[in-house]
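S.K.: Dropping the structure in here first, questions after.
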Amino acid sequence: MALKNDLQVSNCSCSGNPVTNAEYMSRQEETESNARSYPRKFPCSLVKARGSWVEDVEGNRYLDFLCGAGTLALGHNDPEINQAMINMISSEAPLHALDMMTPAKDRFVHKLLSLLPQKMQGNVKIQFCSPSGTDATDAAIKLCKTATGRSSVIAFSGGYHGMGHGALALTGNIGAKEKVRALMPDVQFFPYPYSYRCPFGLGGDAGTRACCEFFERTLKDPESGITKPAAVILEPIQGEGGVIPAPVEFLQTVRRVTEELGIPMIVDEIQCGVGRSGKFFAFEYADIVPDVILVSKAIGGTQPMSVVIYNKALDQWQPGAHAGTFRGNQLAMCAGTVVMERVAQEEFLAEVRKKGDYLREKMIALKEKVSIIGDIRGKGLMSGCEFVDPKGCADSLGSLPASGEIAALVQKRCFENKLIMEKGGRHGSVMRCLCALNVSWDELETMIGIFEKVVIGVNDEFTR
């Protein structure tokens with residue numbers, strides 16, 4: 001309460017400082033880049049946060065089901081994480097160490113390595129990167145190009161790997177690339193299984209098999225026109241692409257084919273990893289061993305951190321081949337170790353799976369009541385609800401056109417009802433759940449209640 005009172009005093013209108021959300025938004029409009037995005041959807045100025053809740057300068061409380069785009073695995077201001085960082089600051093330990101060794105780094109590294117599948121342990125190395133996941137993507141591509149001597153990379157439609165110049169070249173979203181010419185060359189995109197909007201017009205198991213067959217036959221075809229790549233990169237669960245889990249058969253096929261052809265396989269776990277899927281790594285559902293794993297977001301325990309974990313055989317680059325001033329973020333290593341210790345517990349992961357299944361059951365039941373929801377999908381606490389135009393023409397699979405307009409209205413109404421959720425997917429039509437992994441059952445019920453009320457109301461507007 002003292003914190004709130006102090007903020008109210010410092011923001012009083014007599015001092016000339018803003019006191020309302022609108023005033024803060026106006027000041028942000030004057031000073032910040034036109035590239036900013038979240039304030040346009042959530043026009044508020046936040047001053048407090050704890051667990052799954054945030055509070056703005058006007059005293060409004062919001063249930064946060066975005067949580068830093070999945071960064072806050074244990075929610076805002078988790079007491080154990082905060083105390084670990086306070087202890088580090090109080091100890092006079094170095095908070096910035098470039099890539100030099102520290103006890104905090106040693107603890108972080110060995111904890112992370114211990115969580116890898118047994119088949120990988122003892123056969124990997126770690127590269128700490130600049131804080132964002134996009135740098136981990138760039139580092140992994142440089143690593144694989146160096147190790148193989150090859151230049152091209154295979155990515156998948158719908159994938160998202162970051163906004164850096166190299167990572168953006170591997171990202172499926174065309175809108176983000178249209179104004180940025182001459183991105184990294186030699187990137188080939190393959191179809192990714194998406195049953196509701198199958199790229200082959202088949203759907204279901206048949207669509208998955210078609211993606212598998214196309215991938216294998218094309219890479220093994222001497223007349224395909226595609227030279228052997230330096231790497232294949234994919235997300236085990238596409239996030240920004242609309243929460244699309246890769247079927248086990250597809251992940252296993254990609255792994256088998258890349259092994260047969262000597263192509264490094266990179267799995268991007270930046271959003272779907274660190275327990276989000278109900279397993280510590282989402283690729284574990286397929287029981288595969290990738291060559292490279294990209295980790296960021298939640299691994300830093302609220303602090304900026306990105307890491308590349310890779311097979312020792314790829315460690316062909318020279319000292320300084322990939323660097324970054326802030327790759328020695330000691331607070332992130334300290335906080336991230338706490339996250340790993342808690343999230344990796346099997347009982348914790350089982351609870352994530354249970355809550356995710358329950359949420360999707362409720363969403364599927366809601367889908368039966370309305371005509372604006374086309375599909376519900378996900379794993380663990382990474383769920384997607386795809387909105388469609390009920391008056392549009394269905395495709396050959398019976399799927400209605402994606403509706404970014406309806407999803408945007410649902411998002412706006414959710415915010416008005418004090419629920420923060422983000423969109424994604426084709427045309428921005430998919431509302432996504434990226435809540436704290438330790439969200440309570442009561443908070444889950446609150447979210448479901450708000451979401452159901454909003455969706456039913458929007459459905460009535462569009463179908464009347």
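By convention here, the chains of the structure tokens are called A, B, ... in the order presented, each chain's residues are numbered starting at 1, and ligands are numbered starting at 1 in the order presented.
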If DSSP is run on the backbone, what residues of stretch 144-320 of chain A are strand (DSSP E or B)? A reply as a PyMOL selection string would be ideal.

M.R.: chain A and resi 153-156+187-190+231-234+237-238+244-245+265-268+292-295+307-311

S.K.: Compile the contact shell of stretch 32-40 of chain A as a list in words: residues with an atom at most 12 Å away, counting only C-alpha atoms, same-chain residues fewer than 4 positions apart removed.

M.R.: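 Counting only the stated atoms, we get Asn21, Ala22, Tyr24, Met25, Ser26, Arg27, Gln28, Cys44, Ser45, Leu46, Leu66, Gly68, Ala69, Met163, Ala176, Ala408, Gln411, Lys412, Phe415, Ile420, Met421, Glu422 and Lys423 of chain A.
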
S.K.: Could you give me, as JSON, numbers by chain, the residues within 7 Å of stretch 360-376 of chain A, counting only C-alpha atoms and dropping anything in the same chain fewer than 6 positions from it?

M.R.: {"A": [196, 384, 385, 386, 387, 388, 389, 390, 399, 400, 452, 456, 459]}

S.K.: Tell me, as number ranges by chain, which residues lie within 10 Å of A:Ala104, counting only C-alpha atoms; anything in the same chain fewer than 6 positions away does not count.

M.R.: A: 88, 93-95, 329-335, 337

S.K.: Considering only C-alpha atoms, tabulate each residue of stretch 185-292 of chain A that lies at most 7 Å from stretch 154-160 of chain A along with its nearest interatomic pair and the corresponding distance in Å to one decimal; arrange the rows by chain and ascending residue number and present them as JSON lines.

M.R.:
{"residue": "A:Val187", "atom": "CA", "partner": "A:Ile154", "partner_atom": "CA", "distance": 5.7}
{"residue": "A:Gln188", "atom": "CA", "partner": "A:Ile154", "partner_atom": "CA", "distance": 4.8}
{"residue": "A:Phe189", "atom": "CA", "partner": "A:Phe156", "partner_atom": "CA", "distance": 4.9}
{"residue": "A:Phe190", "atom": "CA", "partner": "A:Phe156", "partner_atom": "CA", "distance": 4.8}
{"residue": "A:Pro191", "atom": "CA", "partner": "A:Ser157", "partner_atom": "CA", "distance": 5.5}
{"residue": "A:Tyr192", "atom": "CA", "partner": "A:Phe156", "partner_atom": "CA", "distance": 5.7}
{"residue": "A:Pro229", "atom": "CA", "partner": "A:Ile154", "partner_atom": "CA", "distance": 6.6}
{"residue": "A:Ala231", "atom": "CA", "partner": "A:Ile154", "partner_atom": "CA", "distance": 6.4}
{"residue": "A:Val232", "atom": "CA", "partner": "A:Ile154", "partner_atom": "CA", "distance": 4.7}
{"residue": "A:Ile233", "atom": "CA", "partner": "A:Ala155", "partner_atom": "CA", "distance": 5.2}
{"residue": "A:Leu234", "atom": "CA", "partner": "A:Ala155", "partner_atom": "CA", "distance": 6.2}
{"residue": "A:Glu235", "atom": "CA", "partner": "A:Gly159", "partner_atom": "CA", "distance": 6.7}
{"residue": "A:Gln238", "atom": "CA", "partner": "A:Gly159", "partner_atom": "CA", "distance": 6.0}
{"residue": "A:Glu240", "atom": "CA", "partner": "A:Tyr160", "partner_atom": "CA", "distance": 6.1}
{"residue": "A:Gly241", "atom": "CA", "partner": "A:Gly158", "partner_atom": "CA", "distance": 4.6}

S.K.: Based on the selection just made, write N, CA and C atoms of those residues as a CSV table (one decimal), in the first residue's frame.

M.R.:
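Output file result.csv follows:
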chain,number,residue,atom,x,y,z
A,187,VAL,N,16.9,-19.0,-48.0
A,187,VAL,CA,16.0,-19.6,-47.0
A,187,VAL,C,14.8,-20.3,-47.8
A,188,GLN,N,14.6,-21.5,-47.6
A,188,GLN,CA,13.5,-22.3,-48.2
A,188,GLN,C,12.4,-22.6,-47.2
A,189,PHE,N,11.1,-22.3,-47.5
A,189,PHE,CA,10.0,-22.6,-46.6
A,189,PHE,C,9.3,-23.9,-47.1
A,190,PHE,N,9.1,-24.7,-46.1
A,190,PHE,CA,8.3,-26.0,-46.3
A,190,PHE,C,7.0,-25.9,-45.5
A,191,PRO,N,6.0,-26.6,-46.0
A,191,PRO,CA,4.7,-26.6,-45.2
A,191,PRO,C,4.8,-27.3,-43.9
A,192,TYR,N,4.1,-26.7,-42.9
A,192,TYR,CA,4.0,-27.2,-41.5
A,192,TYR,C,2.6,-27.7,-41.3
A,229,PRO,N,20.9,-28.0,-47.0
A,229,PRO,CA,21.0,-26.8,-46.2
A,229,PRO,C,22.0,-27.0,-45.0
A,231,ALA,N,21.0,-26.1,-42.1
A,231,ALA,CA,20.2,-26.4,-40.9
A,231,ALA,C,18.7,-26.4,-41.3
A,232,VAL,N,17.9,-27.1,-40.5
A,232,VAL,CA,16.5,-27.0,-40.6
A,232,VAL,C,16.0,-26.5,-39.2
A,233,ILE,N,15.2,-25.5,-39.2
A,233,ILE,CA,14.7,-24.9,-38.0
A,233,ILE,C,13.2,-24.9,-37.9
A,234,LEU,N,12.7,-25.3,-36.7
A,234,LEU,CA,11.3,-25.3,-36.5
A,234,LEU,C,10.9,-25.1,-35.1
A,235,GLU,N,9.7,-24.7,-34.8
A,235,GLU,CA,9.1,-24.7,-33.5
A,235,GLU,C,8.3,-26.0,-33.2
A,238,GLN,N,4.2,-24.0,-32.8
A,238,GLN,CA,4.3,-22.6,-33.3
A,238,GLN,C,3.5,-21.7,-32.4
A,240,GLU,N,3.6,-17.5,-32.4
A,240,GLU,CA,3.1,-16.4,-33.1
A,240,GLU,C,2.3,-16.8,-34.3
A,241,GLY,N,2.6,-18.0,-34.8
A,241,GLY,CA,1.9,-18.5,-36.0
A,241,GLY,C,0.5,-19.0,-35.7

S.K.: What does the structure give for the distance between atom CA of A:Met382 and atom CA of A:Leu444, in Å to one decimal?

M.R.: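 Separation between atom CA of A:Met382 and atom CA of A:Leu444: 13.2 Å.
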
S.K.: So which residues touch A:Arg276 within 7 Å, counting only C-alpha atoms, skipping near sequence neighbours fewer than 2 positions away, as a PDB file with C-alpha atoms, in the first residue's frame?

M.R.:
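Okay, this is what ended up in result_15.pdb:
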ATOM      1  CA  CYS A 272       7.043 -23.268 -26.035  1.00  0.00           C
ATOM      2  CA  GLY A 273       9.897 -24.402 -23.765  1.00  0.00           C
ATOM      3  CA  VAL A 274      10.605 -24.228 -20.007  1.00  0.00           C
ATOM      4  CA  GLY A 278       3.563 -29.485 -19.973  1.00  0.00           C
ATOM      5  CA  GLY A 380      -0.112 -27.511 -21.640  1.00  0.00           C
ATOM      6  CA  LEU A 381      -0.714 -23.848 -20.869  1.00  0.00           C
ATOM      7  CA  MET A 382      -0.117 -22.795 -24.457  1.00  0.00           C
ATOM      8  CA  LEU A 437       2.438 -21.681 -15.319  1.00  0.00           C
TER       9      LEU A 437
END

S.K.: Can you list, as a ChimeraX atom specification, every protein, DNA or RNA residue that comes within 10 Å of A:Thr148 when you count only C-alpha atoms, leaving out same-chain residues fewer than 5 positions away?

M.R.: /A:143,228-231,262-264,314,316

S.K.: What are the DSSP helix (DSSP H, G or I) residues of stretch 43-192 of chain A, as a PyMOL selection string?

M.R.: chain A and resi 67-70+79-90+103-114+133-148+165-169

S.K.: Can you work out the spacing between atom CA of A:Ser132 and atom CA of A:Pro304 in Å, to one decimal?

M.R.: 6.6 Å

S.K.: Could you pull the residues within 12 Å of A:Asp205, counting only C-alpha atoms, minus those fewer than 4 positions along the same chain, as a VMD selection string?

M.R.: chain A and resid 193 to 196 198 200 to 201 209 to 212 246 to 250

S.K.: Using only C-alpha atoms, find the one residue out of A:Gln83, A:Ser90, A:Thr463, A:Asn438 that sits nearest to A:Val343.

M.R.: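 Selected residue with least distance to A:Val343: A:Asn438.
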
S.K.: Measuring atom to atom with only C-alpha atoms, identify which of A:Leu170, A:Leu349, A:Lys379, A:Pro103 is nearest to A:Ile237.

M.R.: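 Of A:Leu170, A:Leu349, A:Lys379, A:Pro103, the one nearest A:Ile237, counting only C-alpha atoms, is A:Lys379.
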
S.K.: What are the nearest atom pairs, with distances in Å to one decimal, for all residues of stretch 111-149 of chain A that come at most 12 Å from stretch 323-326 of chain A, using only C-alpha atoms, set out by chain and rising residue number as CSV?

M.R.:
residue,atom,partner,partner_atom,distance
A:Gln127,CA,A:Ala323,CA,9.3
A:Phe128,CA,A:Ala323,CA,8.4
A:Cys129,CA,A:Gly324,CA,6.1
A:Ser130,CA,A:Gly324,CA,5.0
A:Pro131,CA,A:Phe326,CA,6.5
A:Ser132,CA,A:Phe326,CA,10.1
A:Asp135,CA,A:Gly324,CA,9.0
A:Ala136,CA,A:Gly324,CA,10.7
A:Asp138,CA,A:Ala323,CA,11.1
A:Ala139,CA,A:Ala323,CA,8.9
A:Lys142,CA,A:Ala323,CA,11.6

S.K.: Compare A:Val19, A:Val292, A:Ile406, A:Leu419 by their minimum atom-to-atom distance to A:Asn311, counting only C-alpha atoms, and give me the closest one.

M.R.: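 Smallest separation from A:Asn311 among the options: A:Val292.
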
S.K.: Quick one: of A:Leu261, A:Lys453, A:Val352, A:Ile126, who's nearest to A:Asp99, counting only C-alpha atoms?

M.R.: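 So, comparing all the options, the nearest one is A:Ile126.
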
S.K.: Which of these, A:Gly425, A:Gly300, A:Gly172, A:Gly320, has the shortest distance to A:Leu112 once you count only C-alpha atoms?

M.R.: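 Nearest candidate to A:Leu112 out of A:Gly425, A:Gly300, A:Gly172, A:Gly320: A:Gly300.
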